[in-house]
Each structure stands twice: as C-alpha cells, then as structure tokens.
Amino acid sequence: MRTPGARSGIARHLLLAPTAIFAAAPFLWMVTLSLRSGPEMFTEPLRLIPTNLAGLENYGTALREVPMLRFLANGVIVCGGILALQLLTSAPCAYALAKHQFRGRGALFTTVIIALMIPPQILTIPLFVGLYSAGLLDSYAALILPSAVSPFAIFLLTQAFRTIPDDLVHAARLDGLSELSIVWRIMVPAAAPAVLAFSILSIVAHWNDLLWPLIAIQDRNLATPPLGVLLFRNQEAGDEYGPLMASAVLIVAPLIVAFLAAQKRFIKGLTYAT
Amino acid sequence: MLAPNAVLLERDASFAAHPQGDSTADHAAQNGAADGKPRHTISLRRITRKYQESVALDGIDLDVREGEFLAIVGPSGCGKSTLLKIIAGLDDPTAGELWINGRPSIGLEPRARDIAMVFQTYALYPHMTAAQNIALPLRMRRMRRWQRLPGMALLSSGARKGLAEIKTEVSAIAGSLGIAHLLHRKPSQLSGGQRQRVAVARAMIRRPAVFLMDEPLSNLDAKLRVEMRREIASLHRRLGITFVYVTHDQSEAMTLADRVAVMANGEFLQVAAPRELYADPAHLEVARFVGTPTINCLPAEVTAPGTIDVLGTSVPCSLIAPTGTPATACIRPEHILVVRGAEHGVDASVISIEDHGADLYVRVLVAREHELTLRASPADLAGLRNGQAVRIRLTPENFLFFDAEGRRIRAGRRAAAA
Amino acid sequence: MTAVASIPLAHDPAPSVPQSRAALLSYGLTAPALIGVFVLILLPAASVLGLALTDWQFGAKRLSFIGVANFRKLWADPVFWKAAANTALYAAIVIPGTIMLGLAVSLLIHARSSFKSVYQAIHFIPVMATMAAMAIVWESMLHPTIGLVNHLLSMAGLGGRNWLRDPAMVLPTLAVIGIWQQFGFAMVLFMSGLQSIPKELYEAARADGAASAFDRFFIVTLPMLGPVALFIAVVTAIRSLQVFDTVQVLTQGGPNGASEVLLHRLYVEAFGFLRTGYGAAFTVVFTAAVAILTVLQTRTLDRRVHYA
C-alpha cells in the first residue's frame, strides 16, 4: 500500500474533531458548570475555565448535602454485594457444569440459557410484589437480592472453565484440594480474564441502573447514585445547579477513571457480552 | 525371583481367558502378612471399567513389585490411561479390587493413596510460580485449612513455620532436579523440559510409594525426549520407588522398564521383561508391537498333526488342530539370511534397501506376493542392488507361530530335549 | 465466542469424577445458583403470565381471573399504541444513526494509527457514563435560554428551539441522546470487524481494478462489515426498546405523551397507577418483542463469528 500522505492525515483529524466534541461535550459542560458559582453560573456558556475557584465548594455541598457521599457509598455496597453474590453462586455451578458429569447436567445448562434470554424488565413486577410480601422492600436486600444470581455469569464462566485442561483438575485432586478449593484456587484464577470481563460488566450495569432502585426504594438514604442524583434534581430544580453538576461528576467519574486506566480490559469486558 | 516369572509364563498359552483371581486371604498372605513387608506395591484383581456403550477395561489383573519400573504400552484407546486413573483414584472401576501398599484402595480419595502422578500435559497451575506449584501438595497435606487462608502467614507463627519448612523442602528438591534457579518463574515462562521437571518435582515432594506417569514425554521433541528418558531412568534408580509408566511408544517402554505390560482393547496381552516380550511373545499383537523393524508375518497352515507348513517348509510344532487350520508364522528380520552358492533357500527379489549405517534393512519379495524385511550388516550384503534376485533362508527354529486368534503356539517336538 | 444456541454439552468427554463422590458434590455445587435462578428469574417470569390474566391491583385484597381481558384492553388502549409508535420511531432514528456514526468514526480512527487510542477512548466514554446523570447534564445543555445547544445555534445564526418541551422535537432529541450514548459501542465493534478483514482482499480488489479507496470501500469493506452491522442493528434495537432513563429524567413521557415509550409506560401503569394486572399484560407484550429480538441477536452473533 502506498504510504498515506500528510494531507489525508490532517483531514482525518478534521473529521474526527466534531465527532469527538460531540462525544465529549456533555462531560466538559458538566465539569465546567460544576466549578462555577453565583452569578457566573449561566453566563458565557462557552467559557471553560471559571473566573474563581469558589465553585469547588459545589463538590463539598454535593458530598455533604445531596448527600452524594452517602449515595456513592450505597453504590459501592450494592454493586459490590451483587458482584460478590454473583461470583459466589456462579463459579461453583460453572465448575460442576464444565468439569463434572452428573444426571441433569444438560438440562441444567439449558435452563441457564433459557434464563439468559429472559429480559430483566419482565421480572420487575413479580420481584417487587415478592419483596413486598417478604417485607424486604426499601432495603439493601431489595437492591442486591434480585440480581444475586446471574445466568450470564454461569454461562460465561462455564465456557471459560471448559477451556481449562482436565489434567489441571486431576493434579489438584491428587494434591489434596477439595472440590470447592479447586473452584476458588484453581479455576477462577485460571479463568481470570473472563472473571474480570464479567465483573466489569456487572459493576457498570448495576452502578448505572435507575429503573430498579426507582421501584424498590423509598428511603432516600438507601438511594444508589442514579436515583440519588435524580431525587436531588427533583427537589432543588433550578436552585442548586452547581452542586447538581458536581454530583453528576462524582457519579460518572469513578467509572471513567477506571476505564481510562484499563481501557483495553474495559472494552473487552463490555463487548464480551456480545 | 524365578517363581513369579514362572507363574506368569504358564498363563500365556490361554491368555484370552481370565486367570483365576486370588482370594482375599491368599492375597494378604502373598503380600507378606507374615513378615509385614508388602511384596507388591500395587495389586489389581479383575478390574473392569464399563461405559454406557463400551468396555474400556475387561478384567485386569496385575501385580507391581516394590521398586520396579513397570511400563504399560498399547495403541491409543486401549485403556492404559484409564487404568492409570483408576490406580490414582481419579476414576472408579465398575468392578474389581485394588490394593496399594496392602491397603484396599477402591473409593479412597486420591490424596489418601500413597501415590503421585505426572501428567502428559504436566498440569502445572498457570497462575502460580514453579515454587508454589511444587509446594502445593505439602501445603494441602500439612497445613490446616485456616492456616492456608491468604494472609495467615502474617498472623500465625505456626503458619509461618510451616511455610518455612515447606520452602526448604521445595528448594532441596528443585536443586536435585536442577531447576532451583527457575523457582520464581511461572509455567508460561518455562521451556517444555523445564516444565516437566517442575511436574516431577511436584510429584516427588510427596515422597510417594508409587510414581505414576502418563505419557510424560510425548509433548517433547525427539532429541529432548531421549535426554529426558535417561533422566527418568536415573530418577528411578535414585529414588528406588515403584514407577508405573504409560506410553504408546514401544521403544520408550522397552528401554526404560523392568517389565512391560502390553495392552490392547482393555486387556493385557502379556506382562514380562522386555527381552522376553521380544524373544517369547505370547500374542501376535505383542510380537508385532515390539521390535524395529516390525516382525515379518506370513500365512501358514497345519498340514499334519504337529506340523505347520509355511512357504513350502514344514516345521514341527505342538499345536493339536485339524489339518487345514490356518495360522500365522512370524520371524524377526535378523533371522532371515541371504544364502550364497549352492545352499538351500527360497527365491526372492530385492525391492528396496535402507542404509542405516551399521545395519541394512532390505525389503524382498517372495513367491511374488509376500514382502519381507531382513536385517544384516553391510559387510555381509556388499554389492546388493535393487531388483536383484537373491535366495533367502528362514531359519525354522526362529519362527514364532500364532493361531487364528493370535495366541502363541509353541514349536518344537513334544518330548524333545532342549 | 460460540453461539449460545449451539452448545453441544452432551458429547464432550468431561473427566470422570469417581462415581461414588460425583452426584452429591455436583448437586451441592450447583444448588445455590439453581435455586437462585428458579426463585429470582424463572418463577417470577412465569408468574407475570399468570398475573396478566387477572385484574389485580397492588394492595388489593382479592383478585379475580379475567382471562385475556387485559390484553384486549391493551389492544384498545391508545396510550399503549402511542407508546409503541414512539418507541418504534425512536428505534428508527437511533439504529441507523448509531450504525452510520459508529461506522464513520471507526473508519476514520482505523485509517491511521496516530492518536488511535485517544480517539477510541473519547468516543467510547458515553457508553459507560451513568445515563441518569448525563441526562441531567443534557437537560441543562438543551435548556432553551441558557443551554449550550441553543447558544451555539444562535452563534451560527440559527434559531433555537425548546427541545424537550416541543412535541415535535422531543422524540428526535431523545433519539439524538440515544445515539450519543451508543455509537461508541458500535464503533468498537466495527473496529474489531475492520481489523479482521484480511489485507489480501484489498490487494485482490486493486488487482481486479478497484482503483480508488471509494471503490474498495464498497467492494471489500462494506460487505465484510455486513454481519457486524446487522448484529449492531439488532443489539441497538433491543436497547432502544428498553429506553427508560432519559424519558424518566427528562420528560416523563411528555409533553402530552409525545415522548411516551413502552418501558416508561409499563413503569407508570404498574408502579404509578398500581394496575398490576394490566402492567403485567404490558410486560408480556414488551417481553415478547424483546425476546424475538434477542433470538435474532443470537442468530446474527453466530453469523458474525462464522462469516469467514
């Protein structure tokens, strides 16, 4: 192929600039507004850097009074709890499906695939009713339990475990490991990429989920970040724009920072689903 | 040690039938209940492994002596790996009994049997360093569950002490195998030969009574294979423990083993020392399997009671069968001679000559339909050319006869002196 | 990655665990997951079907079985059809928009290696950003007087609009936000598709007379990306069907139902009006649509992997 010339290189940058700006604009806008305060708030929309740093106080306000700190903590608790339960239930199951022979293995795997195909929205009503009957609504349990088991995790891990050589399992049994030890000490570490990919997917999906917390939670103190910022906006519409934008930054920033730090893994994880 | 050999020799004439198994009482007696020392490290009786559609093992009997190197050979799919897994406890037989060091071991967990295993693919834990791989069996055996939890070394002096002891042993064993400098590496950073040594170290550190090896050399290239073969032999001499070695490579088995068990279709065809397998095979498959170049086989026929006819020559033998019964006559390449001058011989023409340096392998066509390979030194056959007509002699005393089922028929006069 | 629908589990020679240990252990290992799948997924899914055949309202003491009455009601409900139409229109804008923008960006980024990962990162970030938060940001950007969008438009001499309150503009606006969020995902998939096109194909095309890059694009690139594009279309369709966050945060279906969509309507019926039986019927219809698309997704996934 002929060496591409400099002109087409510049054209490429010129064409990618507007799309990049399109993608990035809301983030820049969000950060800019979050740093502004007082009369400056709505003037000069195109000015990126504020004249004074009073806007930093917006973050303080956001953390304390929104209260973003609480919401972020809830997000960590809920996403962490969900991921932990998902891995705890799916890894042993995937191991049995991949490496054991037992009656009903095929049926079980088919069941997992069927469950995989069920869109989550169909479950909202019955889960809501069920949790209500159990008196568990408006609690961390209501946020964590419905997602505690992930057929996708079972499927993904089963496929990953199947690629691990059988002799590794034999060697581990000979070395004296119990079956559960084999799951956690051998299979999960050996399938680390798949486990990581799933973890990223799970955390991102549940961190960003609005529908279910909206349904299951009334107590503001339990709100996850998306619900929290929505509640704040509904309450203070128009008055506290600075802290509102600061809150948005606080919610979005952790995932973006993590993404930038491990870009390849993230993309691999999110597209693993496909 | 003649007695055990004799017992096995007598069996070969009717090898297709299952030899009578010992009763448990006999077995205990045989295993030296009297003096307390087991003579056989491993004993199998009537081991059978069936699957839904097939039978992998059909009534296997075997006694492995203390300290011997036993090789199990056979073509792929003959059941040898299945047998090894049953001995290891990674699989249970459908029927039969197994003793390891005198203990009945069916149903016993692999870690409770006094064995260690080296796998074909080495089965090293990819996320652990060589040192951690080697240490794992000891950690599992010696340290209690709570001591094994991550971070325990910081909290418990007992855990720390245990880990330190293990570390010393790992270094010692790694040193004896020449891999001490590789202990911090992960398996992916090691060559094939190095990985194999780590696998061996992991097996050795358990100080087992039996070493099981499942085709450990088949993943290595030819040159490395020969080198590792010698190392395994020297390892056996050094450790002095029982080795059970599974392979499909007959030359590996023949060069390494004290005794070789030849297996086909889930049964043993013969269990004997290499020399005996070569010179006195009990079955046609054994004769064909062992020896390079492959033994020559010719169709033969019983022409009179006590006589078999092959290529026009009548040879006396002990088979009592009706006239006309078909048989197979086999002869080793080195027992076919090229005759000169006026000596009596069979006409043949040379098809090809392979020069192997010290030997020539010559392929000849006899009676226009049988191809035979003969082996001789270049000096004897100087000037031999392709297409040349020669006369060959098949020394009748070197024939090995097999009946239609492949079982060995012994030649020679009934009451003849040796 | 293997297609979901074609997993042959029965034939693979899994290592045999000694039969004495096997069964109990295996069942023990799979029990928690199995129980979870039944209790949290299969049972609820089945019960929705049952619920849809009743007239139950949340909190009511009694319910009665009314057969398919809910479905008939749905069929006759203009709000349902409006939501369906809006969702379809939304999808009709988002799907081609996402594909075209994703394809264009991926081609541009793929063409040279300079700043590749920077461009990739920038365009991909919207995919992961919490939509509820970003919707609030978009809200302020779209503000008729102080928002960035109208400000830029007035700088260009064009008039601004009340994007979220104008019935004619609200759905397209939401669609643009939808495109903004998803085109990065399409871009990544297209890029991996581009990387897997063998270079020899381009050389063969040139040898066959395709002189310009334009020609090569239509002869080689586009056809090879066909399966990827199809797959993206199906995935985007499923996600469009599931649009909720932007509607809930920005318009709640307004003004006057102009931006009402299926999932939001379901939420309102079941949890706003607490017409649980009716909401269940809604859910059944919604799920059927998504399920059909999901089956399509696995089919196109298969073709994407086995194209070569």
# chains A, B, ... in the order shown; residues from 1 in each chain; ligands from 1
call {"tool": "residues_around", "arguments": {"residues": "Lys186 in chain B", "least_positions_apart": "2", "cutoff": "8 Å", "atoms": "only C-alpha atoms", "output": "ChimeraX atom specification"}}
result
/B:126-130,184,188-190
call {"tool": "write_last_selection", "arguments": {"atoms": "N, CA and C atoms", "output": "short mmCIF file (atom, residue, chain, number, x, y, z; two decimals), in the first residue's frame"}}
result
data_model
loop_
_atom_site.label_atom_id
_atom_site.label_comp_id
_atom_site.auth_asym_id
_atom_site.auth_seq_id
_atom_site.Cartn_x
_atom_site.Cartn_y
_atom_site.Cartn_z
N PRO B 126 -1.24 -22.55 36.11
CA PRO B 126 -0.61 -21.46 35.33
C PRO B 126 -0.43 -20.17 36.09
N HIS B 127 -1.24 -19.96 37.12
CA HIS B 127 -1.16 -18.69 37.81
C HIS B 127 -0.21 -18.73 39.01
N MET B 128 0.43 -19.89 39.21
CA MET B 128 1.37 -19.98 40.34
C MET B 128 2.79 -20.12 39.81
N THR B 129 3.76 -19.68 40.62
CA THR B 129 5.15 -19.86 40.23
C THR B 129 5.52 -21.34 40.37
N ALA B 130 6.68 -21.68 39.82
CA ALA B 130 7.13 -23.06 39.95
C ALA B 130 7.21 -23.47 41.41
N HIS B 184 11.07 -19.03 40.74
CA HIS B 184 10.20 -17.87 40.80
C HIS B 184 9.41 -17.66 39.51
N SER B 188 4.37 -20.48 32.13
CA SER B 188 4.44 -19.96 30.77
C SER B 188 5.83 -19.44 30.43
N GLN B 189 6.65 -19.21 31.46
CA GLN B 189 7.99 -18.71 31.21
C GLN B 189 9.03 -19.83 31.18
N LEU B 190 8.56 -21.07 31.18
CA LEU B 190 9.49 -22.18 31.21
C LEU B 190 9.42 -22.97 29.91
#
call {"tool": "closest_atom_pairs", "arguments": {"of": "chain B", "to": "chain A", "cutoff": "6 Å", "atoms": "only C-alpha atoms", "output": "CSV"}}
result
residue,atom,partner,partner_atom,distance
B:Pro110,CA,A:Leu174,CA,5.1
B:Arg111,CA,A:Gly176,CA,4.8
B:Ala123,CA,A:Leu168,CA,4.5
B:Pro137,CA,A:Asp175,CA,4.5
B:Met140,CA,A:Gly176,CA,5.8
call {"tool": "write_last_selection", "arguments": {"atoms": "C-alpha atoms", "output": "mmCIF file, in the first residue's frame"}}
result
data_model
loop_
_atom_site.group_PDB
_atom_site.id
_atom_site.type_symbol
_atom_site.label_atom_id
_atom_site.label_comp_id
_atom_site.auth_asym_id
_atom_site.auth_seq_id
_atom_site.Cartn_x
_atom_site.Cartn_y
_atom_site.Cartn_z
ATOM 1 C CA PRO B 110 -6.512 -39.691 45.517
ATOM 2 C CA ARG B 111 -4.766 -37.686 48.206
ATOM 3 C CA ALA B 123 -0.902 -29.850 34.511
ATOM 4 C CA PRO B 137 0.787 -30.759 47.817
ATOM 5 C CA MET B 140 -2.557 -29.128 51.425
#
call {"tool": "closest_residue", "arguments": {"among": "C:Leu148, C:Leu142, C:Met100, C:Leu296", "to": "chain A", "atoms": "only C-alpha atoms"}}
result
C:Leu148
call {"tool": "interface_residues", "arguments": {"of": "chain B", "to": "chain C", "cutoff": "10 Å", "atoms": "only C-alpha atoms", "output": "list in words"}}
result
Lys85, Ile86, Gly89, Leu90, Asp91, Asp92, Pro93, Thr94, Ile106, Gly107, Leu108 and Glu109 of chain B
call {"tool": "write_last_selection", "arguments": {"atoms": "C-alpha atoms", "output": "JSON list (two decimals), in the first residue's frame"}}
result
[["chain", "number", "residue", "atom", "x", "y", "z"],
["B", 85, "LYS", "CA", -6.50, -43.06, 36.52],
["B", 86, "ILE", "CA", -8.11, -45.90, 38.41],
["B", 89, "GLY", "CA", -8.16, -42.66, 42.26],
["B", 90, "LEU", "CA", -9.28, -40.20, 39.62],
["B", 91, "ASP", "CA", -11.74, -42.76, 38.36],
["B", 92, "ASP", "CA", -13.50, -45.69, 39.95],
["B", 93, "PRO", "CA", -13.78, -49.11, 38.29],
["B", 94, "THR", "CA", -17.12, -50.72, 37.60],
["B", 106, "ILE", "CA", -11.16, -48.51, 45.82],
["B", 107, "GLY", "CA", -13.15, -45.47, 46.82],
["B", 108, "LEU", "CA", -10.18, -43.93, 48.60],
["B", 109, "GLU", "CA", -9.54, -40.27, 47.72]]
call {"tool": "atom_distance", "arguments": {"atom1": "CA of Ile42 in chain B", "atom2": "CA of Cys78 in chain B"}}
result
20.5 Å
call {"tool": "interface_residues", "arguments": {"of": "chain C", "to": "chain A", "cutoff": "6 Å", "atoms": "only C-alpha atoms", "output": "list in words"}}
result
Ala14, Ala23, Ser26, Leu29, Thr30, Pro32, Ala33, Gly36, Pro44, Ala45, His123, Ala129, Thr130, Ala132, Ala133 and Thr283 of chain C
call {"tool": "write_last_selection", "arguments": {"atoms": "N, CA and C atoms", "output": "short mmCIF file (atom, residue, chain, number, x, y, z; two decimals), in the first residue's frame"}}
result
data_model
loop_
_atom_site.label_atom_id
_atom_site.label_comp_id
_atom_site.auth_asym_id
_atom_site.auth_seq_id
_atom_site.Cartn_x
_atom_site.Cartn_y
_atom_site.Cartn_z
N ALA C 14 -16.06 -35.04 29.37
CA ALA C 14 -15.63 -34.41 30.62
C ALA C 14 -14.92 -35.46 31.48
N ALA C 23 -22.20 -37.45 42.34
CA ALA C 23 -23.51 -36.81 42.27
C ALA C 23 -23.73 -35.79 43.38
N SER C 26 -21.71 -32.62 42.95
CA SER C 26 -22.13 -31.77 41.84
C SER C 26 -23.40 -31.03 42.18
N LEU C 29 -22.69 -28.19 44.48
CA LEU C 29 -22.05 -27.03 43.86
C LEU C 29 -23.04 -26.20 43.06
N THR C 30 -24.00 -26.88 42.44
CA THR C 30 -24.90 -26.13 41.57
C THR C 30 -26.14 -25.64 42.28
N PRO C 32 -26.96 -23.59 44.94
CA PRO C 32 -27.27 -22.17 45.16
C PRO C 32 -27.66 -21.45 43.88
N ALA C 33 -26.89 -21.67 42.82
CA ALA C 33 -27.19 -20.99 41.57
C ALA C 33 -28.55 -21.44 41.03
N GLY C 36 -31.32 -19.96 43.00
CA GLY C 36 -31.42 -18.54 42.66
C GLY C 36 -32.10 -18.32 41.33
N PRO C 44 -40.56 -15.83 38.81
CA PRO C 44 -41.17 -14.52 38.53
C PRO C 44 -41.62 -14.39 37.08
N ALA C 45 -40.77 -14.85 36.15
CA ALA C 45 -41.16 -14.72 34.75
C ALA C 45 -42.46 -15.45 34.48
N HIS C 123 -14.50 8.61 22.24
CA HIS C 123 -15.79 8.26 21.65
C HIS C 123 -16.50 7.15 22.42
N ALA C 129 -21.01 6.01 30.77
CA ALA C 129 -21.44 7.03 31.72
C ALA C 129 -22.86 6.79 32.17
N THR C 130 -23.11 6.99 33.45
CA THR C 130 -24.43 6.79 34.01
C THR C 130 -25.44 7.67 33.31
N ALA C 132 -28.57 8.35 33.78
CA ALA C 132 -29.40 9.24 34.59
C ALA C 132 -28.67 10.56 34.85
N ALA C 133 -27.41 10.48 35.20
CA ALA C 133 -26.64 11.70 35.47
C ALA C 133 -26.44 12.50 34.19
N THR C 283 -46.22 -6.03 30.25
CA THR C 283 -44.91 -6.66 30.33
C THR C 283 -44.81 -7.84 29.38
#
call {"tool": "select_by_dssp", "arguments": {"residues": "range 139-223 of chain A", "states": "alpha helix (DSSP H)", "output": "ChimeraX atom specification"}}
result
/A:140-144,151-162,166-174,179-181,188-190,192-207,211-216
call {"tool": "write_last_selection", "arguments": {"atoms": "N, CA and C atoms", "output": "short mmCIF file (atom, residue, chain, number, x, y, z; two decimals), in the first residue's frame"}}
result
data_model
loop_
_atom_site.label_atom_id
_atom_site.label_comp_id
_atom_site.auth_asym_id
_atom_site.auth_seq_id
_atom_site.Cartn_x
_atom_site.Cartn_y
_atom_site.Cartn_z
N TYR A 140 -31.34 -2.68 51.58
CA TYR A 140 -30.24 -3.11 50.72
C TYR A 140 -30.56 -4.45 50.07
N ALA A 141 -31.27 -5.28 50.84
CA ALA A 141 -31.63 -6.59 50.29
C ALA A 141 -32.43 -6.43 49.02
N ALA A 142 -33.36 -5.45 49.02
CA ALA A 142 -34.18 -5.24 47.83
C ALA A 142 -33.32 -4.85 46.64
N LEU A 143 -32.23 -4.16 46.91
CA LEU A 143 -31.38 -3.72 45.80
C LEU A 143 -30.45 -4.83 45.33
N ILE A 144 -30.03 -5.67 46.27
CA ILE A 144 -29.00 -6.65 45.95
C ILE A 144 -29.58 -8.00 45.52
N PRO A 151 -27.36 -15.62 35.30
CA PRO A 151 -27.19 -16.71 34.33
C PRO A 151 -26.07 -16.41 33.35
N PHE A 152 -25.87 -15.14 33.09
CA PHE A 152 -24.81 -14.80 32.17
C PHE A 152 -23.45 -15.16 32.76
N ALA A 153 -23.29 -14.91 34.06
CA ALA A 153 -22.03 -15.29 34.71
C ALA A 153 -21.84 -16.80 34.64
N ILE A 154 -22.92 -17.55 34.91
CA ILE A 154 -22.80 -19.01 34.86
C ILE A 154 -22.39 -19.44 33.47
N PHE A 155 -23.04 -18.86 32.45
CA PHE A 155 -22.73 -19.24 31.09
C PHE A 155 -21.28 -18.89 30.74
N LEU A 156 -20.90 -17.67 30.99
CA LEU A 156 -19.56 -17.21 30.66
C LEU A 156 -18.49 -18.03 31.35
N LEU A 157 -18.67 -18.26 32.65
CA LEU A 157 -17.66 -18.99 33.40
C LEU A 157 -17.61 -20.45 32.97
N THR A 158 -18.78 -21.04 32.66
CA THR A 158 -18.76 -22.42 32.19
C THR A 158 -17.92 -22.53 30.93
N GLN A 159 -18.14 -21.63 29.99
CA GLN A 159 -17.34 -21.67 28.75
C GLN A 159 -15.86 -21.48 29.08
N ALA A 160 -15.55 -20.56 29.96
CA ALA A 160 -14.15 -20.30 30.29
C ALA A 160 -13.53 -21.51 30.98
N PHE A 161 -14.26 -22.12 31.92
CA PHE A 161 -13.72 -23.26 32.65
C PHE A 161 -13.51 -24.44 31.72
N ARG A 162 -14.36 -24.55 30.72
CA ARG A 162 -14.21 -25.70 29.84
C ARG A 162 -12.89 -25.66 29.07
N ASP A 166 -8.32 -30.63 31.64
CA ASP A 166 -8.82 -31.51 32.68
C ASP A 166 -7.72 -31.97 33.62
N ASP A 167 -6.52 -32.13 33.05
CA ASP A 167 -5.42 -32.64 33.88
C ASP A 167 -5.12 -31.71 35.05
N LEU A 168 -5.42 -30.43 34.88
CA LEU A 168 -5.20 -29.49 35.97
C LEU A 168 -6.08 -29.85 37.15
N VAL A 169 -7.31 -30.24 36.84
CA VAL A 169 -8.23 -30.65 37.90
C VAL A 169 -7.73 -31.95 38.54
N HIS A 170 -7.28 -32.88 37.68
CA HIS A 170 -6.76 -34.14 38.21
C HIS A 170 -5.58 -33.89 39.14
N ALA A 171 -4.66 -33.04 38.70
CA ALA A 171 -3.48 -32.76 39.52
C ALA A 171 -3.90 -32.15 40.84
N ALA A 172 -4.89 -31.27 40.80
CA ALA A 172 -5.32 -30.62 42.04
C ALA A 172 -5.95 -31.63 42.98
N ARG A 173 -6.74 -32.56 42.44
CA ARG A 173 -7.33 -33.58 43.31
C ARG A 173 -6.24 -34.43 43.94
N LEU A 174 -5.25 -34.77 43.13
CA LEU A 174 -4.14 -35.56 43.66
C LEU A 174 -3.39 -34.79 44.73
N GLU A 179 -13.10 -30.10 46.30
CA GLU A 179 -13.72 -29.57 45.09
C GLU A 179 -13.93 -28.06 45.18
N LEU A 180 -14.38 -27.57 46.33
CA LEU A 180 -14.57 -26.13 46.47
C LEU A 180 -13.23 -25.38 46.36
N SER A 181 -12.19 -25.97 46.94
CA SER A 181 -10.88 -25.35 46.82
C SER A 181 -10.46 -25.26 45.37
N VAL A 188 -10.97 -20.28 39.11
CA VAL A 188 -11.19 -18.84 39.00
C VAL A 188 -9.90 -18.11 38.61
N PRO A 189 -8.76 -18.39 39.28
CA PRO A 189 -7.53 -17.70 38.83
C PRO A 189 -7.17 -18.02 37.39
N ALA A 190 -7.38 -19.28 37.00
CA ALA A 190 -7.00 -19.64 35.63
C ALA A 190 -7.92 -18.98 34.61
N ALA A 192 -9.11 -15.95 34.90
CA ALA A 192 -9.14 -14.55 35.33
C ALA A 192 -9.68 -13.57 34.28
N PRO A 193 -9.29 -13.67 33.01
CA PRO A 193 -9.81 -12.69 32.05
C PRO A 193 -11.33 -12.70 31.97
N ALA A 194 -11.91 -13.90 31.93
CA ALA A 194 -13.37 -13.97 31.84
C ALA A 194 -14.01 -13.41 33.12
N VAL A 195 -13.41 -13.75 34.26
CA VAL A 195 -13.96 -13.26 35.52
C VAL A 195 -13.90 -11.74 35.56
N LEU A 196 -12.77 -11.21 35.11
CA LEU A 196 -12.62 -9.76 35.10
C LEU A 196 -13.63 -9.11 34.15
N ALA A 197 -13.76 -9.70 32.96
CA ALA A 197 -14.69 -9.14 31.98
C ALA A 197 -16.09 -9.09 32.56
N PHE A 198 -16.49 -10.20 33.20
CA PHE A 198 -17.83 -10.20 33.76
C PHE A 198 -17.98 -9.18 34.87
N SER A 199 -16.95 -9.09 35.71
CA SER A 199 -17.03 -8.16 36.84
C SER A 199 -17.23 -6.73 36.35
N ILE A 200 -16.48 -6.37 35.32
CA ILE A 200 -16.61 -5.02 34.77
C ILE A 200 -18.04 -4.80 34.29
N LEU A 201 -18.53 -5.77 33.54
CA LEU A 201 -19.88 -5.66 33.01
C LEU A 201 -20.90 -5.49 34.12
N SER A 202 -20.77 -6.31 35.16
CA SER A 202 -21.74 -6.30 36.25
C SER A 202 -21.71 -4.97 36.99
N ILE A 203 -20.50 -4.52 37.31
CA ILE A 203 -20.38 -3.28 38.07
C ILE A 203 -20.94 -2.11 37.28
N VAL A 204 -20.56 -2.02 36.01
CA VAL A 204 -21.05 -0.91 35.19
C VAL A 204 -22.57 -0.95 35.09
N ALA A 205 -23.11 -2.12 34.82
CA ALA A 205 -24.56 -2.22 34.64
C ALA A 205 -25.31 -1.82 35.91
N HIS A 206 -24.85 -2.28 37.05
CA HIS A 206 -25.61 -2.01 38.28
C HIS A 206 -25.33 -0.63 38.84
N TRP A 207 -24.16 -0.11 38.59
CA TRP A 207 -23.88 1.26 39.00
C TRP A 207 -24.83 2.22 38.27
N LEU A 211 -33.89 2.12 36.88
CA LEU A 211 -35.25 1.60 36.96
C LEU A 211 -35.52 0.85 38.25
N TRP A 212 -34.66 -0.10 38.58
CA TRP A 212 -34.96 -0.93 39.73
C TRP A 212 -34.88 -0.16 41.06
N PRO A 213 -33.82 0.62 41.28
CA PRO A 213 -33.83 1.41 42.54
C PRO A 213 -35.03 2.34 42.63
N LEU A 214 -35.43 2.89 41.49
CA LEU A 214 -36.59 3.77 41.49
C LEU A 214 -37.82 3.03 42.00
N ILE A 215 -37.93 1.77 41.62
CA ILE A 215 -39.09 0.99 42.03
C ILE A 215 -38.98 0.51 43.46
N ALA A 216 -37.78 0.06 43.82
CA ALA A 216 -37.67 -0.69 45.07
C ALA A 216 -37.39 0.17 46.30
#
call {"tool": "residues_around", "arguments": {"residues": "Arg340 in chain B", "least_positions_apart": "4", "cutoff": "9 Å", "atoms": "only C-alpha atoms", "output": "NGL selection string"}}
result
:B and (344-345 or 390-392)
call {"tool": "closest_residue", "arguments": {"among": "C:Thr251, C:Thr236, C:Gln242, C:Thr287", "to": "Gln182 in chain C", "atoms": "only C-alpha atoms"}}
result
C:Thr236
call {"tool": "residues_around", "arguments": {"residues": "Lys82 in chain C", "least_positions_apart": "3", "cutoff": "8 Å", "atoms": "only C-alpha atoms", "output": "list in words"}}
result
Pro78, Val79, Ala85, Asn86, Gly257, Glu260 and Val261 of chain C
call {"tool": "write_last_selection", "arguments": {"atoms": "C-alpha atoms", "output": "CSV table (one decimal), in the first residue's frame"}}
result
chain,number,residue,atom,x,y,z
C,78,PRO,CA,-54.5,4.5,22.5
C,79,VAL,CA,-51.8,5.3,25.0
C,85,ALA,CA,-45.3,4.1,17.9
C,86,ASN,CA,-42.9,6.4,19.7
C,257,GLY,CA,-47.4,11.7,25.6
C,260,GLU,CA,-44.1,8.2,26.0
C,261,VAL,CA,-42.2,4.9,25.4
call {"tool": "closest_residue", "arguments": {"among": "C:Gly59, C:Gln181, C:Val48, C:Tyr202", "to": "Phe273 in chain C", "atoms": "only C-alpha atoms"}}
result
C:Gly59
call {"tool": "atom_distance", "arguments": {"atom1": "CA of Thr87 in chain C", "atom2": "CA of Thr224 in chain A"}}
result
27.2 Å
